[in-house]
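Taking it in order: structure first as structure tokens, then the write-up.
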Amino acid sequence: MTASATGIDENLKSGWRQALSREEVRELLVMRDFRSWLSIALDWALVFGAMAMVAAWPNPLTILLALFVIGARQLGFAVLMHEASHRSLFSDRRVNDWAGNWLCAYPVWSDLRPYRPYHLKHHAKTGSAEDPDIGLVRPFPITRESFARKAWRDLSGQTGRKFARGAWARTFARYRVDPAARSGAQGVAVTNLILFGILTAAGHPWLYLLWVGAWLTTNTLVTRIRSIAEHALTPDPNDPLRNTRTTVARWWERLFLAPNRVNYHLEHHLLMTVPHYNLPRMHRLLRERGALETAAVDAGYWTVLSRAMSKRPSSSSSAAAAVDDETPDFPQVNGFLAPPDDA
């Protein structure tokens with residue numbers, strides 16, 4: 001039996017499952033390939049639209065806006081790569097894996113194939129000591145000062161450089177000794193050369209710096225915020241309704257923080273092969289039938305971040321800051337390169 005089928009069977013036994021009929025579950029699991037093509041196309045359209053805006057009106061404001069739009073779409077590609085890992089991006093498995101890598105993962109220096117088994121372990125062990133993502137949960141709450149230092153390291157590119165060193169070690173540094181790393185490195189190189197070639201053909205090769213700059217800065221910040229929102233400070237690691245969070249996002253949060261319905265993370269964990277475009281309907285059905293009354297659901301990302309930053313500063317704040325500024329190596333988490341686990 002496949003991991004996805006096992007996950008569904010286990011969740012059928014849970015109390016929340018009584019709120020959905022078998023027919024509704026079947027409908028939620030239906031893949032509509034054109035919706036996934038639309039999501040991929042929209043993400044790339046926003047990337048090129050942001051670049052076109054800077055080409056037309058090059059100034060600090062448009063550059064800043066473009067960096068945030070592109071950084072969020074880079075997270076969006078990682079979200080779709082994550083969906084491909086569940087084989088719920090496209091109904092044809094070959095198309096699913098090809099698009100998940102070449103249109104989503106490789107451009108943002110990731111790789112679907114090694115990520116898939118890693119991520120399925122996260123689903124099987126969510127919130128436990130064996131959860132490979134548990135490092136993202138333990139540091140919280142932190143102080144506002146600590147979060148500000150982390151955000152500064154993200155936006156100044158310090159975290160991004162750590163991302164780059166880790167990605168290089170997994171791909172190009174192992175090019176000659178590891179066929180899987182060689183394949184990933186080739187995919188990263190080819191997709192980024194194609195992107196640079198498109199921008200060069202359009203007469204603006206320098207716009208590629210926006211892609212690299214966003215990956216090193218704004219992408220790391222939105223990845224950090226996404227990581228906090230999904231599992232940090234959830235009430236009960238043993239309750240599937242309370243060990244994962246859904247954050248009800250406003251339109252601007254969906255644009256800058258939560259691409260491709262990644263904010264419906266609780267629903268994704270309940271039925272992990274529901275395509276991203278069906279998650280809002282699943283949330284609505286569960287909410288209307290009272291199944292989410294005690295669940296970890298928050299309104300807006302600021303609500304979650306406020307709780308994550310609720311720790312009071314200690315008297316030895318300078319020592320705490322020194323420890324906080326020592327950022328150790330970070331894991332690859334949830335299909336995305338995770339921020340350092342530095343409290």
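So you can find residues: chains in the structure tokens are A, B, ... in the order shown, residues in each start at 1, and ligands are numbered from 1 in order.
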Residues near region 84-91 of chain A, cut-off 7 Å, only C-alpha atoms, skip fewer than 4 positions along chain, as a list in words:
Met31, Asp33, Ser36, Leu80, Val95, Asn96, Asp97, Gly100, Leu112, Arg116, Thr273, Val274 and Pro275 of chain A
Enumerate as a PyMOL selection string all residues of region 38-94 of chain A assigned to helix (DSSP H, G or I) by DSSP on the backbone, naming them with the chain letters and numbers the document uses.
chain A and resi 38-56+60-85+93-94
With N, CA and C atoms retained, write the just-selected residues as a short mmCIF file (atom, residue, chain, number, x, y, z; two decimals), in the first residue's frame.
```
data_model
loop_
_atom_site.label_atom_id
_atom_site.label_comp_id
_atom_site.auth_asym_id
_atom_site.auth_seq_id
_atom_site.Cartn_x
_atom_site.Cartn_y
_atom_site.Cartn_z
N LEU A 38 -2.30 26.06 -14.41
CA LEU A 38 -2.63 27.46 -14.15
C LEU A 38 -1.81 28.02 -13.00
N SER A 39 -1.63 27.23 -11.94
CA SER A 39 -0.84 27.69 -10.79
C SER A 39 0.61 27.93 -11.19
N ILE A 40 1.18 27.01 -11.95
CA ILE A 40 2.56 27.18 -12.41
C ILE A 40 2.68 28.41 -13.31
N ALA A 41 1.73 28.54 -14.24
CA ALA A 41 1.76 29.68 -15.16
C ALA A 41 1.61 31.00 -14.41
N LEU A 42 0.71 31.04 -13.43
CA LEU A 42 0.50 32.27 -12.67
C LEU A 42 1.75 32.66 -11.90
N ASP A 43 2.42 31.68 -11.28
CA ASP A 43 3.64 32.00 -10.54
C ASP A 43 4.69 32.59 -11.46
N TRP A 44 4.90 31.97 -12.62
CA TRP A 44 5.89 32.50 -13.55
C TRP A 44 5.46 33.84 -14.12
N ALA A 45 4.16 34.02 -14.35
CA ALA A 45 3.66 35.30 -14.85
C ALA A 45 3.93 36.42 -13.85
N LEU A 46 3.76 36.13 -12.56
CA LEU A 46 4.04 37.14 -11.54
C LEU A 46 5.53 37.46 -11.48
N VAL A 47 6.37 36.44 -11.64
CA VAL A 47 7.82 36.67 -11.66
C VAL A 47 8.20 37.58 -12.82
N PHE A 48 7.75 37.22 -14.03
CA PHE A 48 8.11 38.04 -15.20
C PHE A 48 7.41 39.39 -15.16
N GLY A 49 6.21 39.45 -14.60
CA GLY A 49 5.53 40.73 -14.45
C GLY A 49 6.29 41.67 -13.53
N ALA A 50 6.81 41.13 -12.41
CA ALA A 50 7.59 41.95 -11.49
C ALA A 50 8.87 42.44 -12.16
N MET A 51 9.50 41.57 -12.94
CA MET A 51 10.71 41.98 -13.66
C MET A 51 10.40 43.04 -14.72
N ALA A 52 9.28 42.87 -15.41
CA ALA A 52 8.89 43.85 -16.43
C ALA A 52 8.61 45.21 -15.80
N MET A 53 8.02 45.20 -14.60
CA MET A 53 7.77 46.45 -13.89
C MET A 53 9.06 47.20 -13.60
N VAL A 54 10.08 46.46 -13.15
CA VAL A 54 11.37 47.10 -12.86
C VAL A 54 12.03 47.59 -14.15
N ALA A 55 11.91 46.81 -15.24
CA ALA A 55 12.49 47.24 -16.51
C ALA A 55 11.85 48.52 -17.01
N ALA A 56 10.54 48.64 -16.79
CA ALA A 56 9.81 49.83 -17.27
C ALA A 56 10.03 51.03 -16.36
N PRO A 60 14.13 52.41 -6.68
CA PRO A 60 14.20 51.59 -5.46
C PRO A 60 12.86 50.99 -5.04
N LEU A 61 11.77 51.71 -5.23
CA LEU A 61 10.47 51.20 -4.81
C LEU A 61 10.04 50.00 -5.64
N THR A 62 10.17 50.09 -6.97
CA THR A 62 9.76 48.97 -7.82
C THR A 62 10.68 47.76 -7.61
N ILE A 63 11.96 48.03 -7.37
CA ILE A 63 12.89 46.93 -7.11
C ILE A 63 12.52 46.21 -5.81
N LEU A 64 12.22 46.98 -4.78
CA LEU A 64 11.83 46.38 -3.49
C LEU A 64 10.55 45.56 -3.64
N LEU A 65 9.56 46.13 -4.33
CA LEU A 65 8.30 45.41 -4.54
C LEU A 65 8.54 44.13 -5.33
N ALA A 66 9.37 44.22 -6.37
CA ALA A 66 9.66 43.04 -7.19
C ALA A 66 10.35 41.96 -6.37
N LEU A 67 11.26 42.34 -5.50
CA LEU A 67 11.96 41.35 -4.68
C LEU A 67 10.99 40.58 -3.80
N PHE A 68 9.99 41.27 -3.25
CA PHE A 68 9.02 40.58 -2.39
C PHE A 68 8.07 39.71 -3.22
N VAL A 69 7.66 40.20 -4.38
CA VAL A 69 6.79 39.38 -5.24
C VAL A 69 7.53 38.13 -5.70
N ILE A 70 8.76 38.30 -6.18
CA ILE A 70 9.52 37.16 -6.70
C ILE A 70 9.87 36.19 -5.57
N GLY A 71 10.26 36.70 -4.40
CA GLY A 71 10.58 35.83 -3.28
C GLY A 71 9.40 34.96 -2.88
N ALA A 72 8.20 35.54 -2.90
CA ALA A 72 7.00 34.76 -2.57
C ALA A 72 6.71 33.72 -3.64
N ARG A 73 6.95 34.06 -4.90
CA ARG A 73 6.72 33.07 -5.97
C ARG A 73 7.76 31.96 -5.93
N GLN A 74 8.97 32.28 -5.50
CA GLN A 74 9.96 31.22 -5.33
C GLN A 74 9.50 30.23 -4.26
N LEU A 75 8.92 30.75 -3.19
CA LEU A 75 8.27 29.87 -2.23
C LEU A 75 7.13 29.11 -2.90
N GLY A 76 6.39 29.79 -3.78
CA GLY A 76 5.29 29.14 -4.50
C GLY A 76 5.75 27.96 -5.32
N PHE A 77 6.91 28.09 -5.96
CA PHE A 77 7.44 26.95 -6.74
C PHE A 77 7.81 25.80 -5.81
N ALA A 78 8.36 26.14 -4.64
CA ALA A 78 8.68 25.10 -3.67
C ALA A 78 7.41 24.42 -3.17
N VAL A 79 6.34 25.18 -3.02
CA VAL A 79 5.05 24.61 -2.60
C VAL A 79 4.56 23.62 -3.65
N LEU A 80 4.67 23.97 -4.92
CA LEU A 80 4.21 23.07 -5.98
C LEU A 80 5.13 21.87 -6.11
N MET A 81 6.44 22.05 -5.87
CA MET A 81 7.33 20.90 -5.82
C MET A 81 6.92 19.97 -4.69
N HIS A 82 6.56 20.55 -3.56
CA HIS A 82 6.07 19.77 -2.41
C HIS A 82 4.81 19.00 -2.80
N GLU A 83 3.92 19.63 -3.55
CA GLU A 83 2.72 18.94 -3.99
C GLU A 83 3.06 17.78 -4.93
N ALA A 84 4.04 18.00 -5.79
CA ALA A 84 4.47 16.92 -6.68
C ALA A 84 5.04 15.75 -5.88
N SER A 85 5.62 16.03 -4.73
CA SER A 85 6.16 14.94 -3.91
C SER A 85 5.05 14.02 -3.42
N ARG A 93 2.00 10.40 -13.54
CA ARG A 93 3.16 10.47 -12.64
C ARG A 93 4.41 10.98 -13.32
N ARG A 94 4.59 10.67 -14.60
CA ARG A 94 5.77 11.17 -15.29
C ARG A 94 5.70 12.68 -15.46
#
```
Name the residues in contact with His231 (chain A) at a cut-off of 12 Å, using only C-alpha atoms, excluding same-chain residues fewer than 5 positions from it; report them as JSON, numbers by chain.
{"A": [122, 123, 126, 127, 128, 131, 133, 134, 135, 136, 137, 138, 139, 140, 224, 225, 226, 236, 237, 240, 241, 242, 243, 244, 245, 246, 247, 263, 264, 265, 266, 269, 296, 297, 298, 304, 305, 308, 333, 334]}
Given only C-alpha atoms as the basis, pick out the residue of A:Arg144, A:His283, A:Lys150, A:Arg182 nearest to Thr223 (chain A).
A:Lys150
Of the candidates A:Thr234, A:Gln18, A:Thr294, A:Ser227, which one gets nearest to Val262 (chain A) if we count only C-alpha atoms?
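Comparing A:Thr234, A:Gln18, A:Thr294, A:Ser227 against Val262 (chain A), the winner is A:Ser227.
For Ser110 (chain A), the residues within 9 Å (counting only C-alpha atoms, excluding itself and residues fewer than 2 positions away along the chain) are Ala78, Met81, Asn101, Cys104, Ala105, Tyr106, Pro107, Val108, Leu112, Tyr115, Ala167, Gly184, Val188, Gly335, Phe336 and Leu337 of chain A.
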Name all residues at most 9 Å from region 172-180 of chain A (count only C-alpha atoms; drop same-chain ones fewer than 5 positions away) and give them as JSON, numbers by chain.
{"A": [113, 114, 167, 185, 186]}
Residues of the last selection are to be written out with N, CA and C atoms, as a PDB file, in the first residue's frame.
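Contents of the output file out_26.pdb:
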```pdb
ATOM      1  N   ARG A 113      13.252  14.530  -6.037  1.00  0.00           N
ATOM      2  CA  ARG A 113      13.477  13.098  -5.762  1.00  0.00           C
ATOM      3  C   ARG A 113      14.028  12.809  -4.372  1.00  0.00           C
ATOM      4  N   PRO A 114      15.089  13.466  -3.918  1.00  0.00           N
ATOM      5  CA  PRO A 114      15.546  13.185  -2.549  1.00  0.00           C
ATOM      6  C   PRO A 114      14.609  13.736  -1.490  1.00  0.00           C
ATOM      7  N   ALA A 167      22.852  24.295  -0.364  1.00  0.00           N
ATOM      8  CA  ALA A 167      22.418  23.804  -1.668  1.00  0.00           C
ATOM      9  C   ALA A 167      23.605  23.397  -2.526  1.00  0.00           C
ATOM     10  N   ALA A 185      22.149  19.049  -9.928  1.00  0.00           N
ATOM     11  CA  ALA A 185      22.989  20.181 -10.322  1.00  0.00           C
ATOM     12  C   ALA A 185      22.741  20.561 -11.769  1.00  0.00           C
ATOM     13  N   GLN A 186      22.610  19.568 -12.628  1.00  0.00           N
ATOM     14  CA  GLN A 186      22.339  19.850 -14.038  1.00  0.00           C
ATOM     15  C   GLN A 186      20.994  20.546 -14.199  1.00  0.00           C
TER      16      GLN A 186
END
```
Considering only C-alpha atoms, return as a list in words whatever protein or nucleic-acid residues lie within 9 Å of Glu145 (chain A), sequence-local ones (same chain, fewer than 2 positions apart) excluded.
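Near Glu145 (chain A), the qualifying residues are Ile142, Thr143, Phe147, Ala148, Arg149, Lys150, Met309, Pro313 and Ala321 of chain A.
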With N, CA and C atoms retained, write the just-selected residues as a CSV table (one decimal), in the first residue's frame.
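So the final result, stored in result_29.csv, reads:
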```csv
chain,number,residue,atom,x,y,z
A,142,ILE,N,9.8,33.1,20.9
A,142,ILE,CA,11.1,33.9,21.1
A,142,ILE,C,10.7,35.3,21.4
A,143,THR,N,11.7,36.1,21.6
A,143,THR,CA,11.4,37.6,21.9
A,143,THR,C,11.3,38.3,20.5
A,147,PHE,N,13.3,37.8,16.9
A,147,PHE,CA,12.7,37.7,15.6
A,147,PHE,C,13.3,38.8,14.7
A,148,ALA,N,13.4,40.0,15.2
A,148,ALA,CA,14.0,41.1,14.4
A,148,ALA,C,15.4,40.8,13.9
A,149,ARG,N,16.2,40.2,14.7
A,149,ARG,CA,17.5,39.8,14.3
A,149,ARG,C,17.5,38.8,13.2
A,150,LYS,N,16.6,37.8,13.3
A,150,LYS,CA,16.4,36.8,12.3
A,150,LYS,C,15.9,37.4,11.0
A,309,MET,N,6.4,35.6,18.9
A,309,MET,CA,7.3,36.6,19.5
A,309,MET,C,6.9,37.1,20.9
A,313,PRO,N,11.9,39.5,27.1
A,313,PRO,CA,13.4,39.5,27.1
A,313,PRO,C,13.9,39.1,28.5
A,321,ALA,N,21.5,37.7,22.8
A,321,ALA,CA,21.6,38.2,21.4
A,321,ALA,C,22.9,37.5,20.8
```
